[in-house]
$ cat upload.cif   # mmCIF, C-alpha atoms
data_my_file
loop_
_atom_site.label_atom_id
_atom_site.label_comp_id
_atom_site.auth_asym_id
_atom_site.auth_seq_id
_atom_site.Cartn_x
_atom_site.Cartn_y
_atom_site.Cartn_z
CA MET A 1292 226.04 149.51 117.38
CA THR A 1293 223.34 152.18 117.81
CA PRO A 1294 219.65 151.16 118.09
CA ARG A 1295 218.95 152.75 114.69
CA ILE A 1296 221.71 150.79 112.95
CA THR A 1297 220.49 147.61 114.65
CA PHE A 1298 216.97 148.31 113.45
CA GLU A 1299 218.08 148.94 109.87
CA HIS A 1300 220.02 145.69 109.96
CA GLU A 1301 216.88 143.86 111.14
CA LEU A 1302 214.86 145.48 108.36
CA GLU A 1303 217.40 144.26 105.82
CA GLU A 1304 217.14 140.73 107.24
CA LEU A 1305 213.36 140.99 106.96
CA LYS A 1306 213.68 142.00 103.32
CA ILE A 1307 215.92 138.99 102.66
CA ASN A 1308 213.43 136.64 104.33
CA LEU A 1309 210.56 138.08 102.28
CA GLU A 1310 212.53 137.75 99.07
CA GLU A 1311 213.34 134.11 99.87
CA MET A 1312 209.68 133.34 100.59
CA GLY A 1313 208.53 135.11 97.44
CA GLN A 1314 211.06 133.26 95.31
CA HIS A 1315 210.08 129.94 96.87
CA VAL A 1316 206.39 130.52 96.15
CA GLU A 1317 207.22 131.50 92.57
CA SER A 1318 209.36 128.39 92.26
CA ILE A 1319 206.63 125.96 93.29
CA TYR A 1320 204.22 127.72 90.93
CA ASP A 1321 206.68 127.29 88.05
CA ARG A 1322 207.44 123.68 88.97
CA LEU A 1323 203.76 122.81 89.15
CA PHE A 1324 202.94 123.98 85.65
CA LEU A 1325 206.09 122.42 84.23
CA ALA A 1326 205.03 119.12 85.84
CA ILE A 1327 201.49 119.51 84.48
CA GLY A 1328 202.84 120.14 80.99
CA ALA A 1329 205.09 117.08 81.28
CA GLY A 1330 202.29 114.91 82.72
CA ASP A 1331 204.55 114.10 85.68
CA LYS A 1332 202.19 113.15 88.50
CA ASN A 1333 205.01 112.23 90.88
CA ALA A 1334 206.44 115.73 90.55
CA ILE A 1335 202.98 117.18 91.16
CA ARG A 1336 202.66 115.13 94.38
CA ASN A 1337 206.07 116.31 95.55
CA ILE A 1338 205.10 119.95 95.01
CA MET A 1339 202.20 119.48 97.42
CA LYS A 1340 204.67 118.72 100.21
CA ASP A 1341 206.20 122.20 99.88
CA ASP A 1342 203.19 123.75 101.58
CA ARG A 1343 204.75 123.05 105.01
CA VAL A 1344 207.93 124.86 104.01
CA ILE A 1345 205.94 127.95 103.06
CA ASN A 1346 204.00 127.83 106.32
CA ASP A 1347 207.26 127.71 108.28
CA MET A 1348 208.59 130.71 106.34
CA GLU A 1349 205.41 132.63 107.10
CA LYS A 1350 205.69 131.95 110.85
CA HIS A 1351 209.36 132.94 110.91
CA ILE A 1352 208.71 136.25 109.16
CA GLU A 1353 205.69 137.02 111.33
CA ALA A 1354 207.79 136.43 114.45
CA ARG A 1355 210.52 138.75 113.12
CA CYS A 1356 207.94 141.46 112.35
CA LEU A 1357 206.37 141.26 115.79
CA THR A 1358 209.80 141.45 117.41
CA LEU A 1359 210.61 144.58 115.41
CA ILE A 1360 207.35 146.23 116.45
CA THR A 1361 207.52 145.36 120.13
CA LYS A 1362 211.24 145.78 120.80
CA GLN A 1363 212.47 148.43 118.38
CA GLN A 1364 209.66 151.01 118.57
CA PRO A 1365 209.77 151.91 114.85
CA VAL A 1366 208.85 155.35 113.55
CA ALA A 1367 205.90 155.67 111.15
CA ARG A 1368 207.79 155.01 107.89
CA ASP A 1369 209.42 151.89 109.37
CA LEU A 1370 206.14 150.71 110.83
CA ARG A 1371 204.64 150.86 107.34
CA VAL A 1372 207.36 148.52 106.06
CA VAL A 1373 206.88 146.02 108.87
CA SER A 1374 203.08 146.17 108.71
CA ALA A 1375 203.14 145.66 104.94
CA ALA A 1376 205.45 142.67 105.38
CA LEU A 1377 202.96 141.07 107.78
CA LYS A 1378 200.25 141.42 105.14
CA VAL A 1379 202.39 140.22 102.24
CA VAL A 1380 203.45 136.99 103.95
CA THR A 1381 199.76 136.14 104.35
CA ASP A 1382 199.18 136.67 100.63
CA LEU A 1383 202.23 134.57 99.75
CA GLU A 1384 201.10 131.77 102.06
CA ARG A 1385 197.68 131.78 100.41
CA VAL A 1386 199.30 131.56 96.98
CA GLY A 1387 201.16 128.49 98.22
CA ASP A 1388 197.86 126.99 99.38
CA GLN A 1389 196.26 127.64 96.01
CA VAL A 1390 199.16 126.09 94.12
CA THR A 1391 198.66 123.00 96.30
CA ASP A 1392 194.92 123.07 95.56
CA ILE A 1393 195.60 123.18 91.81
CA ALA A 1394 198.05 120.28 92.15
CA GLU A 1395 195.48 118.21 94.04
CA ILE A 1396 192.78 118.85 91.44
CA THR A 1397 195.14 118.04 88.58
CA LEU A 1398 195.80 114.59 90.02
CA ARG A 1399 192.11 113.76 89.61
CA PHE A 1400 192.40 113.92 85.82
CA ASP A 1401 193.29 110.74 83.94
CA ASP A 1402 195.51 112.89 81.77
CA SER A 1403 197.15 115.58 83.89
CA ASP A 1404 197.62 117.84 80.84
CA VAL A 1405 194.69 120.10 81.75
CA PHE A 1406 195.75 122.66 79.14
CA ARG A 1407 194.14 120.55 76.42
CA TYR A 1408 190.71 121.49 77.74
CA SER A 1409 191.03 125.20 77.03
CA VAL A 1410 193.46 127.18 74.92
CA HIS A 1411 192.96 130.05 77.35
CA LEU A 1412 194.09 128.16 80.46
CA ALA A 1413 197.78 128.09 79.51
CA THR A 1414 197.63 131.80 78.68
CA MET A 1415 196.00 132.44 82.04
CA ALA A 1416 198.66 130.42 83.87
CA ASP A 1417 201.43 132.40 82.13
CA ALA A 1418 199.78 135.75 82.81
CA THR A 1419 199.27 134.87 86.47
CA LYS A 1420 202.90 133.80 86.75
CA GLU A 1421 204.07 137.13 85.34
CA GLN A 1422 201.73 139.07 87.62
CA LEU A 1423 202.95 137.21 90.70
CA HIS A 1424 206.59 137.78 89.75
CA GLN A 1425 206.02 141.48 89.07
CA ALA A 1426 204.25 141.92 92.41
CA VAL A 1427 206.99 140.22 94.44
CA GLU A 1428 209.72 142.16 92.64
CA ALA A 1429 207.87 145.45 93.09
CA PHE A 1430 207.47 144.89 96.82
CA ILE A 1431 211.04 143.74 97.45
CA ASN A 1432 212.59 146.48 95.30
CA ARG A 1433 210.25 149.23 96.60
CA ASP A 1434 209.12 149.86 93.00
CA MET A 1435 205.85 151.72 93.34
CA GLU A 1436 205.67 152.48 89.61
CA SER A 1437 205.70 148.77 88.75
CA ALA A 1438 203.16 148.04 91.50
CA THR A 1439 200.82 150.74 90.20
CA GLU A 1440 201.15 149.37 86.67
CA LEU A 1441 200.21 145.90 87.89
CA ILE A 1442 197.15 147.18 89.74
CA ALA A 1443 195.98 149.03 86.63
CA GLY A 1444 196.26 145.84 84.54
CA ASP A 1445 194.30 143.66 86.96
CA ASP A 1446 191.51 142.95 84.44
CA VAL A 1447 193.75 140.74 82.29
CA ILE A 1448 193.42 137.71 84.59
CA ASP A 1449 189.69 138.27 85.09
CA ASP A 1450 189.12 138.39 81.34
CA LEU A 1451 191.02 135.13 80.83
CA PHE A 1452 189.01 133.48 83.60
CA ASN A 1453 185.81 134.42 81.80
CA LYS A 1454 187.15 132.87 78.58
CA VAL A 1455 187.97 129.61 80.36
CA LYS A 1456 184.51 129.67 81.93
CA SER A 1457 182.96 130.05 78.47
CA ASP A 1458 184.92 127.01 77.27
CA VAL A 1459 183.65 125.00 80.23
CA ILE A 1460 180.06 126.03 79.53
CA ASP A 1461 180.44 124.90 75.91
CA TYR A 1462 181.81 121.53 77.03
CA LEU A 1463 178.93 121.06 79.46
CA ARG A 1464 176.38 121.89 76.75
CA THR A 1465 177.86 119.50 74.21
CA GLY A 1466 178.84 116.74 76.63
CA LYS A 1467 182.30 116.67 75.02
CA TRP A 1468 184.01 116.17 78.39
CA PRO A 1469 182.76 114.60 81.65
CA ALA A 1470 180.94 117.14 83.83
CA ASP A 1471 183.20 116.55 86.85
CA GLU A 1472 186.32 117.27 84.78
CA CYS A 1473 184.72 120.46 83.45
CA ILE A 1474 184.04 121.63 86.99
CA ASP A 1475 187.60 120.77 88.05
CA LEU A 1476 188.92 122.79 85.11
CA LEU A 1477 186.85 125.76 86.23
CA MET A 1478 188.21 125.37 89.77
CA ILE A 1479 191.79 125.48 88.49
CA ALA A 1480 191.00 128.70 86.64
CA LYS A 1481 189.36 130.10 89.77
CA TYR A 1482 192.47 129.38 91.84
CA LEU A 1483 194.59 131.12 89.20
CA GLU A 1484 192.28 134.11 89.43
CA LYS A 1485 192.74 134.13 93.22
CA ILE A 1486 196.52 134.01 92.84
CA GLY A 1487 196.20 137.04 90.57
CA ASP A 1488 194.18 138.76 93.30
CA HIS A 1489 196.93 138.06 95.83
CA ALA A 1490 199.49 139.52 93.42
CA VAL A 1491 197.41 142.71 93.27
CA ASN A 1492 197.24 142.73 97.09
CA ILE A 1493 201.04 142.55 97.25
CA ALA A 1494 201.27 145.47 94.82
CA ASP A 1495 198.79 147.40 96.98
CA TRP A 1496 201.00 146.80 100.02
CA GLU A 1497 204.01 148.12 98.13
CA CYS A 1498 202.08 151.34 97.55
CA PHE A 1499 201.15 151.39 101.24
CA GLN A 1500 204.72 151.02 102.47
CA GLU A 1501 205.72 154.00 100.32
CA THR A 1502 202.79 156.30 101.06
CA GLY A 1503 200.78 154.99 104.02
CA ASN A 1504 197.73 154.89 101.72
CA ILE A 1505 195.83 151.90 100.41
CA HIS A 1506 192.79 152.09 98.13
CA ASN A 1507 192.94 155.88 98.48
CA THR A 1508 192.56 155.62 102.25
CA ARG A 1509 195.23 156.92 104.65
CA LEU A 1510 196.16 154.20 107.15
CA LEU A 1511 199.53 155.23 108.55
#
$ encode --input "upload.cif" --output "structure tokens"
Amino acid sequence: MTPRITFEHELEELKINLEEMGQHVESIYDRLFLAIGAGDKNAIRNIMKDDRVINDMEKHIEARCLTLITKQQPVARDLRVVSAALKVVTDLERVGDQVTDIAEITLRFDDSDVFRYSVHLATMADATKEQLHQAVEAFINRDMESATELIAGDDVIDDLFNKVKSDVIDYLRTGKWPADECIDLLMIAKYLEKIGDHAVNIADWECFQETGNIHNTRLL
């Protein structure tokens, strides 16, 4: 087997690992909000344990990337793919952390159905889920058009966050809900906003691995 064929095989294995990590992160996101909707606190606690699995996946992929760089001497286009993968696994790991943070906050509520506090929160959770899925698919499938579309629609999550924030402000003014629960609700929305930001980062790295450019700046 020639060095080039070996390298291409390693790149394909890297793609498979990234896809598995992306799907796992999406899965715990989906499971969390299903558990929240069902008021299943035991399921929410179990989701928090998945953080270690995601960390292990990140370390494995990072090690594979570093091996490819140091042992295979990739050309520029291949180096873009490997470098982008190193960045994407960091974003995916952070999404896993933020899902865990949301789970932990949710357990502080007497009623874990946090959607009852704001009609916009469920919409925000669904929009963030779709954005995360689109970003992962775009990166894995080398779909720059989908990635560019996602980046252009970034304001959707930010607008929903502002609507949730307005609901929280109204609750604080009227005293309808305890202040600590209002702040926790805002924190959940903030973590969703951050997950949306990571999805945009992943889309940015898809554009980078195709062009070598990110944010209109040539990197490689």
$ residues_around --input "upload.cif" --residues "A:Leu1476" --least-positions-apart "3" --cutoff "10 Å" --atoms "all atoms listed in the file" --output "PyMOL selection string"
chain A and resi 1393+1396-1397+1400+1405-1406+1408-1409+1412+1455-1456+1458-1459+1470-1473+1479-1481
$ closest_residue --input "upload.cif" --among "A:Ile1319, A:Ile1493, A:Leu1305, A:Val1380" --to "A:Ile1338" --atoms "only C-alpha atoms"
A:Ile1319
$ closest_residue --input "upload.cif" --among "A:Asn1504, A:Ser1437, A:Thr1419, A:Thr1465" --to "A:Phe1452" --atoms "all atoms listed in the file"
A:Thr1419
$ atom_distance --input "upload.cif" --atom1 "atom CA of A:Ala1418" --atom2 "atom CA of A:Glu1440"
14.2 Å
$ resolve_selection --input "upload.cif" --expression "the PyMOL selection byres ((chain A and resi 1488) around 10)" --output "list in words"
Asp1382, Val1386, Thr1419, Gln1422, Leu1423, Ile1442, Asp1445, Ile1448, Asp1449, Tyr1482, Leu1483, Glu1484, Lys1485, Ile1486, Gly1487, His1489, Ala1490, Val1491, Asn1492, Ile1493 and Ala1494 of chain A
$ residues_around --input "upload.cif" --residues "A:Asp1388" --least-positions-apart "5" --cutoff "9 Å" --atoms "all atoms listed in the file" --output "PDB file with C-alpha atoms, keeping the file's coordinate frame"
ATOM      1  CA  MET A1339     202.200 119.480  97.420  1.00  0.00           C
ATOM      2  CA  ASP A1342     203.190 123.750 101.580  1.00  0.00           C
ATOM      3  CA  ILE A1345     205.940 127.950 103.060  1.00  0.00           C
ATOM      4  CA  LEU A1383     202.230 134.570  99.750  1.00  0.00           C
ATOM      5  CA  ILE A1393     195.600 123.180  91.810  1.00  0.00           C
TER       6      ILE A1393
END
$ closest_residue --input "upload.cif" --among "A:Arg1355, A:Thr1391, A:Asp1331, A:Val1373" --to "A:Arg1343" --atoms "only C-alpha atoms"
A:Thr1391
$ closest_residue --input "upload.cif" --among "A:Cys1498, A:Glu1299, A:Gly1466, A:Tyr1320" --to "A:Glu1421" --atoms "all atoms listed in the file"
A:Tyr1320
$ resolve_selection --input "upload.cif" --expression "the PyMOL selection byres ((chain A and resi 1303) around 12)" --output "list in words"
Ile1296, Thr1297, Phe1298, Glu1299, His1300, Glu1301, Leu1302, Glu1304, Leu1305, Lys1306, Ile1307, Asn1308, Leu1309, Glu1310, Arg1355, Cys1356, Leu1359, Asp1369, Val1372, Val1373, Ile1431 and Asn1432 of chain A
$ resolve_selection --input "upload.cif" --expression "the PyMOL selection byres ((chain A and resi 1328) around 10)" --output "MDAnalysis selection string"
chainID A and resid 1322:1327 1329:1331 1403:1407 1413
$ closest_residue --input "upload.cif" --among "A:Asp1446, A:Glu1311, A:Asp1401, A:Asp1475" --to "A:Glu1349" --atoms "only C-alpha atoms"
A:Glu1311
$ closest_residue --input "upload.cif" --among "A:Met1312, A:Leu1398, A:Val1366, A:Leu1377" --to "A:Asn1333" --atoms "only C-alpha atoms"
A:Leu1398
$ residues_around --input "upload.cif" --residues "stretch 1506-1511 of chain A" --least-positions-apart "4" --cutoff "9 Å" --atoms "all atoms listed in the file" --output "PyMOL selection string"
chain A and resi 1367-1368+1370-1371+1495+1499+1502
$ atom_distance --input "upload.cif" --atom1 "atom CA of A:Thr1439" --atom2 "atom CA of A:Ser1318"
24.0 Å
$ build_atoms --input "upload.cif" --residues "stretch 1302-1313 of chain A" --atoms "all heavy atoms" --output "mmCIF file, in the frame of the given file"
data_model
loop_
_atom_site.group_PDB
_atom_site.id
_atom_site.type_symbol
_atom_site.label_atom_id
_atom_site.label_comp_id
_atom_site.auth_asym_id
_atom_site.auth_seq_id
_atom_site.Cartn_x
_atom_site.Cartn_y
_atom_site.Cartn_z
ATOM 1 N N LEU A 1302 215.720 145.254 109.525
ATOM 2 C CA LEU A 1302 214.860 145.480 108.360
ATOM 3 C C LEU A 1302 215.440 144.828 107.104
ATOM 4 O O LEU A 1302 214.700 144.274 106.282
ATOM 5 C CB LEU A 1302 214.683 146.985 108.118
ATOM 6 C CG LEU A 1302 213.680 147.738 108.986
ATOM 7 C CD1 LEU A 1302 213.630 149.209 108.566
ATOM 8 C CD2 LEU A 1302 212.286 147.126 108.894
ATOM 9 N N GLU A 1303 216.751 144.890 106.971
ATOM 10 C CA GLU A 1303 217.400 144.260 105.820
ATOM 11 C C GLU A 1303 217.242 142.743 105.872
ATOM 12 O O GLU A 1303 216.999 142.097 104.841
ATOM 13 C CB GLU A 1303 218.883 144.643 105.785
ATOM 14 C CG GLU A 1303 219.628 144.137 104.553
ATOM 15 C CD GLU A 1303 219.079 144.666 103.246
ATOM 16 O OE1 GLU A 1303 218.524 145.780 103.230
ATOM 17 O OE2 GLU A 1303 219.204 143.943 102.233
ATOM 18 N N GLU A 1304 217.349 142.174 107.075
ATOM 19 C CA GLU A 1304 217.140 140.730 107.240
ATOM 20 C C GLU A 1304 215.691 140.361 106.903
ATOM 21 O O GLU A 1304 215.429 139.327 106.289
ATOM 22 C CB GLU A 1304 217.460 140.310 108.674
ATOM 23 C CG GLU A 1304 218.939 140.341 109.015
ATOM 24 C CD GLU A 1304 219.727 139.307 108.229
ATOM 25 O OE1 GLU A 1304 219.254 138.170 108.092
ATOM 26 O OE2 GLU A 1304 220.813 139.656 107.726
ATOM 27 N N LEU A 1305 214.771 141.222 107.284
ATOM 28 C CA LEU A 1305 213.360 140.990 106.960
ATOM 29 C C LEU A 1305 213.155 140.989 105.456
ATOM 30 O O LEU A 1305 212.440 140.132 104.912
ATOM 31 C CB LEU A 1305 212.495 142.078 107.616
ATOM 32 C CG LEU A 1305 211.000 142.063 107.278
ATOM 33 C CD1 LEU A 1305 210.348 140.755 107.723
ATOM 34 C CD2 LEU A 1305 210.305 143.265 107.921
ATOM 35 N N LYS A 1306 213.770 141.935 104.787
ATOM 36 C CA LYS A 1306 213.680 142.000 103.320
ATOM 37 C C LYS A 1306 214.211 140.717 102.683
ATOM 38 O O LYS A 1306 213.604 140.168 101.751
ATOM 39 C CB LYS A 1306 214.463 143.210 102.806
ATOM 40 C CG LYS A 1306 214.496 143.309 101.287
ATOM 41 C CD LYS A 1306 215.334 144.507 100.837
ATOM 42 C CE LYS A 1306 215.458 144.533 99.319
ATOM 43 N NZ LYS A 1306 216.290 145.691 98.862
ATOM 44 N N ILE A 1307 215.331 140.221 103.190
ATOM 45 C CA ILE A 1307 215.920 138.990 102.660
ATOM 46 C C ILE A 1307 214.974 137.809 102.856
ATOM 47 O O ILE A 1307 214.762 136.999 101.948
ATOM 48 C CB ILE A 1307 217.291 138.718 103.324
ATOM 49 C CG1 ILE A 1307 218.309 139.771 102.879
ATOM 50 C CG2 ILE A 1307 217.794 137.310 102.980
ATOM 51 C CD1 ILE A 1307 219.606 139.747 103.674
ATOM 52 N N ASN A 1308 214.385 137.720 104.041
ATOM 53 C CA ASN A 1308 213.430 136.640 104.330
ATOM 54 C C ASN A 1308 212.224 136.697 103.403
ATOM 55 O O ASN A 1308 211.750 135.669 102.891
ATOM 56 C CB ASN A 1308 212.949 136.710 105.773
ATOM 57 C CG ASN A 1308 214.019 136.383 106.793
ATOM 58 O OD1 ASN A 1308 213.922 136.779 107.949
ATOM 59 N ND2 ASN A 1308 215.068 135.666 106.391
ATOM 60 N N LEU A 1309 211.708 137.901 103.177
ATOM 61 C CA LEU A 1309 210.560 138.080 102.280
ATOM 62 C C LEU A 1309 210.913 137.691 100.854
ATOM 63 O O LEU A 1309 210.120 137.048 100.155
ATOM 64 C CB LEU A 1309 210.082 139.531 102.317
ATOM 65 C CG LEU A 1309 209.205 139.938 103.502
ATOM 66 C CD1 LEU A 1309 209.108 141.453 103.577
ATOM 67 C CD2 LEU A 1309 207.815 139.324 103.361
ATOM 68 N N GLU A 1310 212.093 138.087 100.430
ATOM 69 C CA GLU A 1310 212.530 137.750 99.070
ATOM 70 C C GLU A 1310 212.653 136.237 98.915
ATOM 71 O O GLU A 1310 212.236 135.671 97.898
ATOM 72 C CB GLU A 1310 213.871 138.426 98.779
ATOM 73 C CG GLU A 1310 214.336 138.244 97.341
ATOM 74 C CD GLU A 1310 215.558 139.081 97.025
ATOM 75 O OE1 GLU A 1310 216.235 139.544 97.970
ATOM 76 O OE2 GLU A 1310 215.828 139.280 95.833
ATOM 77 N N GLU A 1311 213.203 135.574 99.923
ATOM 78 C CA GLU A 1311 213.340 134.110 99.870
ATOM 79 C C GLU A 1311 211.974 133.440 99.804
ATOM 80 O O GLU A 1311 211.777 132.490 99.030
ATOM 81 C CB GLU A 1311 214.106 133.623 101.095
ATOM 82 C CG GLU A 1311 215.582 133.971 101.067
ATOM 83 C CD GLU A 1311 216.286 133.651 102.381
ATOM 84 O OE1 GLU A 1311 215.592 133.374 103.393
ATOM 85 O OE2 GLU A 1311 217.534 133.677 102.404
ATOM 86 N N MET A 1312 211.018 133.926 100.606
ATOM 87 C CA MET A 1312 209.680 133.340 100.590
ATOM 88 C C MET A 1312 209.003 133.582 99.250
ATOM 89 O O MET A 1312 208.385 132.678 98.673
ATOM 90 C CB MET A 1312 208.832 133.918 101.723
ATOM 91 C CG MET A 1312 207.458 133.263 101.832
ATOM 92 S SD MET A 1312 206.514 133.888 103.257
ATOM 93 C CE MET A 1312 205.014 132.891 103.085
ATOM 94 N N GLY A 1313 209.118 134.811 98.732
ATOM 95 C CA GLY A 1313 208.530 135.110 97.440
ATOM 96 C C GLY A 1313 209.101 134.249 96.326
ATOM 97 O O GLY A 1313 208.362 133.718 95.481
#
